[in-house]
Amino acid sequence: MEEVKKEKHIFLNVVIFIIICIALLFLYAKYIGIKGIKVKEYRVESNILTENFSGFKIVHFSDLLYKSTITKDDVKSLVDKINILKPDIVVFTGDLVDENIKLNTSDIDFLIESLGNINANIEKYAIYGDTDFKLSQYEDIMEKSGFKILYNSYEELYYKTNDNIYIVGLPSSIKEQVDLSKAFEFYNDDERKYIIVLVHDGSTIKYLDNDNYEVDLILGGHSLNGSIVLPHFGGLFIDKYSYKYYDEKYERGITKIFISSGIGTNKYQYRFNNKPSINLYRLKAQS
């Protein structure tokens, strides 16, 4: 009888311990995992890049989702972290505000001022994420804060010399039609230049999977890398629009793909093993 009581006592202790651990993980994911912005740094090499583009710095942030779990102080911290890196270009791959949030005049003024304080040596670029189509002030906010919106369009980038690379921006295919023929009007197989493509979600990358345009670097977001990331298992909360591109990075032939974990949170409002982050890419010519 004593043995049975002892076994029950041990079992109860184990159950209580597991419940406490789950509760602590829940509290961490809800209140601690969502705060603090990491910088993830990558060296991106290519034999298509000319030597003068070695050292070119790109800062990439995505899914700000302001007023989800992101406060004004978080936005100010984001701006400071970007400026410390002294990027040549800054790119934002969509979803400025949580889709359920209504911005007032004070919010709009704050975002314009804060994003306007982001410094880039050459240019700042943005594209439309799926929630940005619901925000009537999106274009106004981004343009007044100094970002150029790429919408099925491209720009040439120059660095140090008259040699150039291209940056292409595609709107989120969740809400808008992707027009590759318009976005890649410049494309020339015989005189290939290095090409960076900004997308919001994996569904948009699928367009590039199914076409003949050869690109070198794709930068995206949307998935938040699954919000809750378990070792050896990966992200838990992946929607269908992430398609097969939701982890931190992929390689597809010569194409390198990086998916930002974002800054804010989606409807789950949790993060575990997956802090808010921005990405820094240093380009390097490969001999």
# chains A, B, ... in the order shown; residues from 1 in each chain; ligands from 1
>>> residues_around(residues="Tyr66 (chain A)", least_positions_apart="5", cutoff="8 Å", atoms="only C-alpha atoms", output="JSON, numbers by chain")
{"A": [71, 96, 97, 98, 264]}
>>> select_by_dssp(residues="region 117-184 of chain A", states="alpha helix (DSSP H)", output="list in words")
Tyr138, Glu139, Asp140, Ile141, Met142, Glu143, Lys144, Leu180, Ser181, Lys182 and Ala183 of chain A
>>> residues_around(residues="region 42-53 of chain A", least_positions_apart="2", cutoff="6 Å", atoms="only C-alpha atoms", output="list in words")
Phe56, Tyr194, Tyr281, Arg282, Leu283, Lys284, Ala285 and Gln286 of chain A
>>> write_last_selection(atoms="C-alpha atoms", output="PDB file, in the first residue's frame")
ATOM      1  CA  PHE A  56      27.807  46.226 -50.322  1.00  0.00           C
ATOM      2  CA  TYR A 194      23.189  40.460 -60.337  1.00  0.00           C
ATOM      3  CA  TYR A 281      23.621  40.887 -45.894  1.00  0.00           C
ATOM      4  CA  ARG A 282      27.160  41.647 -47.053  1.00  0.00           C
ATOM      5  CA  LEU A 283      27.619  40.982 -50.750  1.00  0.00           C
ATOM      6  CA  LYS A 284      30.894  39.496 -51.959  1.00  0.00           C
ATOM      7  CA  ALA A 285      32.217  38.774 -55.438  1.00  0.00           C
ATOM      8  CA  GLN A 286      33.210  35.146 -55.749  1.00  0.00           C
TER       9      GLN A 286
END
>>> residues_around(residues="Val229 (chain A)", least_positions_apart="5", cutoff="9 Å", atoms="only C-alpha atoms", output="number ranges by chain")
A: 234-237, 271-274
>>> atom_distance(atom1="CA of Asn266 (chain A)", atom2="CA of Ser227 (chain A)")
8.3 Å
>>> residues_around(residues="Tyr151 (chain A)", least_positions_apart="3", cutoff="9 Å", atoms="only C-alpha atoms", output="number ranges by chain")
A: 126-128, 154, 168-171, 178, 183
>>> write_last_selection(atoms="C-alpha atoms", output="tab-separated table (two decimals), in the first residue's frame")
chain	number	residue	atom	x	y	z
A	126	ALA	CA	9.54	48.83	-49.81
A	127	ILE	CA	6.94	46.51	-51.31
A	128	TYR	CA	3.33	45.69	-50.49
A	154	TYR	CA	12.74	47.53	-60.80
A	168	VAL	CA	13.05	44.10	-58.34
A	169	GLY	CA	9.95	44.48	-56.15
A	170	LEU	CA	6.84	42.30	-56.44
A	171	PRO	CA	3.55	42.86	-54.54
A	178	VAL	CA	2.27	39.59	-59.95
A	183	ALA	CA	9.01	43.73	-63.38
>>> atom_distance(atom1="CA of Lys275 (chain A)", atom2="CA of Ile34 (chain A)")
6.2 Å
>>> residues_around(residues="Ile257 (chain A)", least_positions_apart="4", cutoff="8 Å", atoms="only C-alpha atoms", output="VMD selection string")
chain A and resid 217 to 220 249 to 252
>>> residues_around(residues="Lys193 (chain A)", least_positions_apart="2", cutoff="10 Å", atoms="only C-alpha atoms", output="ChimeraX atom specification")
/A:48-50,163-166,186-191,195-196,214-216
>>> write_last_selection(atoms="N, CA and C atoms", output="short mmCIF file (atom, residue, chain, number, x, y, z; two decimals), in the first residue's frame")
data_model
loop_
_atom_site.label_atom_id
_atom_site.label_comp_id
_atom_site.auth_asym_id
_atom_site.auth_seq_id
_atom_site.Cartn_x
_atom_site.Cartn_y
_atom_site.Cartn_z
N ILE A 48 28.56 36.26 -60.17
CA ILE A 48 28.00 37.26 -61.10
C ILE A 48 28.33 38.68 -60.62
N LEU A 49 28.51 38.82 -59.32
CA LEU A 49 28.88 40.13 -58.77
C LEU A 49 30.27 40.54 -59.24
N THR A 50 30.43 41.81 -59.57
CA THR A 50 31.77 42.33 -59.84
C THR A 50 32.43 42.74 -58.53
N ASP A 163 29.29 50.35 -62.88
CA ASP A 163 28.76 49.00 -62.98
C ASP A 163 27.49 48.92 -62.13
N ASN A 164 26.50 48.14 -62.58
CA ASN A 164 25.22 48.13 -61.87
C ASN A 164 24.72 46.73 -61.55
N ILE A 165 23.79 46.68 -60.59
CA ILE A 165 22.98 45.49 -60.33
C ILE A 165 21.52 45.95 -60.36
N TYR A 166 20.59 44.99 -60.26
CA TYR A 166 19.16 45.34 -60.31
C TYR A 166 18.46 44.90 -59.03
N PHE A 186 13.93 44.68 -67.97
CA PHE A 186 15.37 44.88 -68.21
C PHE A 186 16.10 43.60 -68.54
N TYR A 187 15.50 42.44 -68.27
CA TYR A 187 16.22 41.17 -68.23
C TYR A 187 16.84 40.83 -69.58
N ASN A 188 18.10 40.42 -69.52
CA ASN A 188 18.84 40.06 -70.72
C ASN A 188 19.74 38.87 -70.41
N ASP A 189 19.43 37.72 -70.96
CA ASP A 189 20.22 36.50 -70.72
C ASP A 189 21.67 36.66 -71.12
N ASP A 190 21.90 37.45 -72.18
CA ASP A 190 23.26 37.57 -72.72
C ASP A 190 24.14 38.50 -71.90
N GLU A 191 23.52 39.38 -71.16
CA GLU A 191 24.31 40.32 -70.34
C GLU A 191 23.79 40.28 -68.90
N ILE A 195 20.86 40.16 -59.65
CA ILE A 195 19.46 40.58 -59.45
C ILE A 195 18.99 40.22 -58.05
N ILE A 196 18.49 41.24 -57.34
CA ILE A 196 17.85 41.07 -56.03
C ILE A 196 16.35 41.21 -56.23
N GLU A 214 16.30 34.11 -64.18
CA GLU A 214 17.34 33.63 -63.26
C GLU A 214 17.71 34.79 -62.33
N VAL A 215 17.46 34.61 -61.04
CA VAL A 215 17.77 35.67 -60.08
C VAL A 215 18.76 35.14 -59.04
N ASP A 216 19.41 36.07 -58.36
CA ASP A 216 20.51 35.69 -57.47
C ASP A 216 20.15 35.72 -56.00
#
>>> atom_distance(atom1="CA of Ser260 (chain A)", atom2="CA of Val75 (chain A)")
16.5 Å
>>> select_by_dssp(residues="region 20-103 of chain A", states="strand (DSSP E)", output="ChimeraX atom specification")
/A:38-46,57-61,89-92
>>> write_last_selection(atoms="N, CA and C atoms", output="mmCIF file, in the first residue's frame")
data_model
loop_
_atom_site.group_PDB
_atom_site.id
_atom_site.type_symbol
_atom_site.label_atom_id
_atom_site.label_comp_id
_atom_site.auth_asym_id
_atom_site.auth_seq_id
_atom_site.Cartn_x
_atom_site.Cartn_y
_atom_site.Cartn_z
ATOM 1 N N LYS A 38 17.062 41.097 -32.657
ATOM 2 C CA LYS A 38 18.361 40.528 -33.008
ATOM 3 C C LYS A 38 18.777 40.994 -34.406
ATOM 4 N N VAL A 39 20.087 40.985 -34.635
ATOM 5 C CA VAL A 39 20.618 41.209 -35.982
ATOM 6 C C VAL A 39 21.227 39.900 -36.463
ATOM 7 N N LYS A 40 20.698 39.374 -37.556
ATOM 8 C CA LYS A 40 21.263 38.171 -38.176
ATOM 9 C C LYS A 40 22.112 38.612 -39.359
ATOM 10 N N GLU A 41 23.345 38.159 -39.381
ATOM 11 C CA GLU A 41 24.269 38.616 -40.412
ATOM 12 C C GLU A 41 24.653 37.473 -41.343
ATOM 13 N N TYR A 42 24.657 37.757 -42.645
ATOM 14 C CA TYR A 42 24.983 36.745 -43.651
ATOM 15 C C TYR A 42 25.964 37.325 -44.681
ATOM 16 N N ARG A 43 26.893 36.486 -45.116
ATOM 17 C CA ARG A 43 27.731 36.853 -46.256
ATOM 18 C C ARG A 43 27.142 36.168 -47.477
ATOM 19 N N VAL A 44 26.863 36.943 -48.521
ATOM 20 C CA VAL A 44 26.215 36.426 -49.721
ATOM 21 C C VAL A 44 27.197 36.546 -50.884
ATOM 22 N N GLU A 45 27.666 35.416 -51.381
ATOM 23 C CA GLU A 45 28.671 35.400 -52.444
ATOM 24 C C GLU A 45 28.052 35.035 -53.782
ATOM 25 N N SER A 46 28.629 35.575 -54.846
ATOM 26 C CA SER A 46 28.159 35.248 -56.192
ATOM 27 C C SER A 46 29.267 35.525 -57.199
ATOM 28 N N LYS A 57 26.282 46.561 -48.436
ATOM 29 C CA LYS A 57 25.494 46.132 -47.273
ATOM 30 C C LYS A 57 23.997 46.396 -47.477
ATOM 31 N N ILE A 58 23.221 45.342 -47.234
ATOM 32 C CA ILE A 58 21.766 45.426 -47.318
ATOM 33 C C ILE A 58 21.179 45.105 -45.938
ATOM 34 N N VAL A 59 20.333 45.974 -45.432
ATOM 35 C CA VAL A 59 19.566 45.648 -44.222
ATOM 36 C C VAL A 59 18.121 45.370 -44.642
ATOM 37 N N HIS A 60 17.623 44.255 -44.162
ATOM 38 C CA HIS A 60 16.289 43.767 -44.550
ATOM 39 C C HIS A 60 15.437 43.611 -43.288
ATOM 40 N N PHE A 61 14.288 44.282 -43.275
ATOM 41 C CA PHE A 61 13.331 44.024 -42.192
ATOM 42 C C PHE A 61 11.960 43.805 -42.793
ATOM 43 N N ILE A 89 21.740 49.981 -48.709
ATOM 44 C CA ILE A 89 20.301 50.070 -48.954
ATOM 45 C C ILE A 89 19.556 49.392 -47.800
ATOM 46 N N VAL A 90 18.337 49.843 -47.591
ATOM 47 C CA VAL A 90 17.435 49.218 -46.613
ATOM 48 C C VAL A 90 16.211 48.752 -47.383
ATOM 49 N N VAL A 91 15.765 47.521 -47.114
ATOM 50 C CA VAL A 91 14.572 47.011 -47.794
ATOM 51 C C VAL A 91 13.557 46.538 -46.761
ATOM 52 N N PHE A 92 12.295 46.864 -47.029
ATOM 53 C CA PHE A 92 11.182 46.430 -46.184
ATOM 54 C C PHE A 92 10.268 45.556 -47.034
#
>>> decode(residues="region 159-207 of chain A", atoms="C-alpha atoms", output="PDB file, in the first residue's frame")
ATOM      1  CA  TYR A 159      28.046  51.356 -56.113  1.00  0.00           C
ATOM      2  CA  LYS A 160      31.527  52.902 -56.428  1.00  0.00           C
ATOM      3  CA  THR A 161      31.596  52.659 -60.259  1.00  0.00           C
ATOM      4  CA  ASN A 162      29.263  52.742 -63.254  1.00  0.00           C
ATOM      5  CA  ASP A 163      28.755  48.996 -62.977  1.00  0.00           C
ATOM      6  CA  ASN A 164      25.224  48.135 -61.874  1.00  0.00           C
ATOM      7  CA  ILE A 165      22.983  45.486 -60.330  1.00  0.00           C
ATOM      8  CA  TYR A 166      19.161  45.337 -60.311  1.00  0.00           C
ATOM      9  CA  ILE A 167      16.584  45.299 -57.549  1.00  0.00           C
ATOM     10  CA  VAL A 168      13.047  44.104 -58.336  1.00  0.00           C
ATOM     11  CA  GLY A 169       9.948  44.477 -56.153  1.00  0.00           C
ATOM     12  CA  LEU A 170       6.835  42.299 -56.438  1.00  0.00           C
ATOM     13  CA  PRO A 171       3.554  42.865 -54.542  1.00  0.00           C
ATOM     14  CA  SER A 172       2.171  40.087 -52.363  1.00  0.00           C
ATOM     15  CA  SER A 173       0.440  37.591 -54.613  1.00  0.00           C
ATOM     16  CA  ILE A 174      -2.017  36.907 -51.782  1.00  0.00           C
ATOM     17  CA  LYS A 175      -3.784  40.151 -52.676  1.00  0.00           C
ATOM     18  CA  GLU A 176      -2.453  41.369 -56.005  1.00  0.00           C
ATOM     19  CA  GLN A 177      -1.446  40.139 -59.444  1.00  0.00           C
ATOM     20  CA  VAL A 178       2.272  39.588 -59.953  1.00  0.00           C
ATOM     21  CA  ASP A 179       3.450  40.822 -63.365  1.00  0.00           C
ATOM     22  CA  LEU A 180       6.879  39.329 -64.024  1.00  0.00           C
ATOM     23  CA  SER A 181       7.108  40.563 -67.621  1.00  0.00           C
ATOM     24  CA  LYS A 182       6.733  44.145 -66.397  1.00  0.00           C
ATOM     25  CA  ALA A 183       9.011  43.730 -63.380  1.00  0.00           C
ATOM     26  CA  PHE A 184      11.761  42.113 -65.482  1.00  0.00           C
ATOM     27  CA  GLU A 185      11.624  44.362 -68.553  1.00  0.00           C
ATOM     28  CA  PHE A 186      15.366  44.882 -68.209  1.00  0.00           C
ATOM     29  CA  TYR A 187      16.218  41.166 -68.226  1.00  0.00           C
ATOM     30  CA  ASN A 188      18.843  40.061 -70.721  1.00  0.00           C
ATOM     31  CA  ASP A 189      20.221  36.500 -70.719  1.00  0.00           C
ATOM     32  CA  ASP A 190      23.264  37.565 -72.725  1.00  0.00           C
ATOM     33  CA  GLU A 191      24.310  40.317 -70.336  1.00  0.00           C
ATOM     34  CA  ARG A 192      23.341  38.915 -66.950  1.00  0.00           C
ATOM     35  CA  LYS A 193      23.660  41.275 -64.017  1.00  0.00           C
ATOM     36  CA  TYR A 194      23.189  40.460 -60.337  1.00  0.00           C
ATOM     37  CA  ILE A 195      19.464  40.577 -59.453  1.00  0.00           C
ATOM     38  CA  ILE A 196      17.850  41.068 -56.031  1.00  0.00           C
ATOM     39  CA  VAL A 197      14.117  40.375 -55.774  1.00  0.00           C
ATOM     40  CA  LEU A 198      11.915  41.607 -52.926  1.00  0.00           C
ATOM     41  CA  VAL A 199       8.822  39.516 -52.181  1.00  0.00           C
ATOM     42  CA  HIS A 200       6.509  39.330 -49.222  1.00  0.00           C
ATOM     43  CA  ASP A 201       5.464  35.690 -49.104  1.00  0.00           C
ATOM     44  CA  GLY A 202       6.429  32.258 -50.359  1.00  0.00           C
ATOM     45  CA  SER A 203       3.440  32.173 -52.709  1.00  0.00           C
ATOM     46  CA  THR A 204       5.048  35.008 -54.647  1.00  0.00           C
ATOM     47  CA  ILE A 205       8.344  33.119 -54.849  1.00  0.00           C
ATOM     48  CA  LYS A 206       6.365  30.342 -56.549  1.00  0.00           C
ATOM     49  CA  TYR A 207       5.953  32.653 -59.558  1.00  0.00           C
TER      50      TYR A 207
END
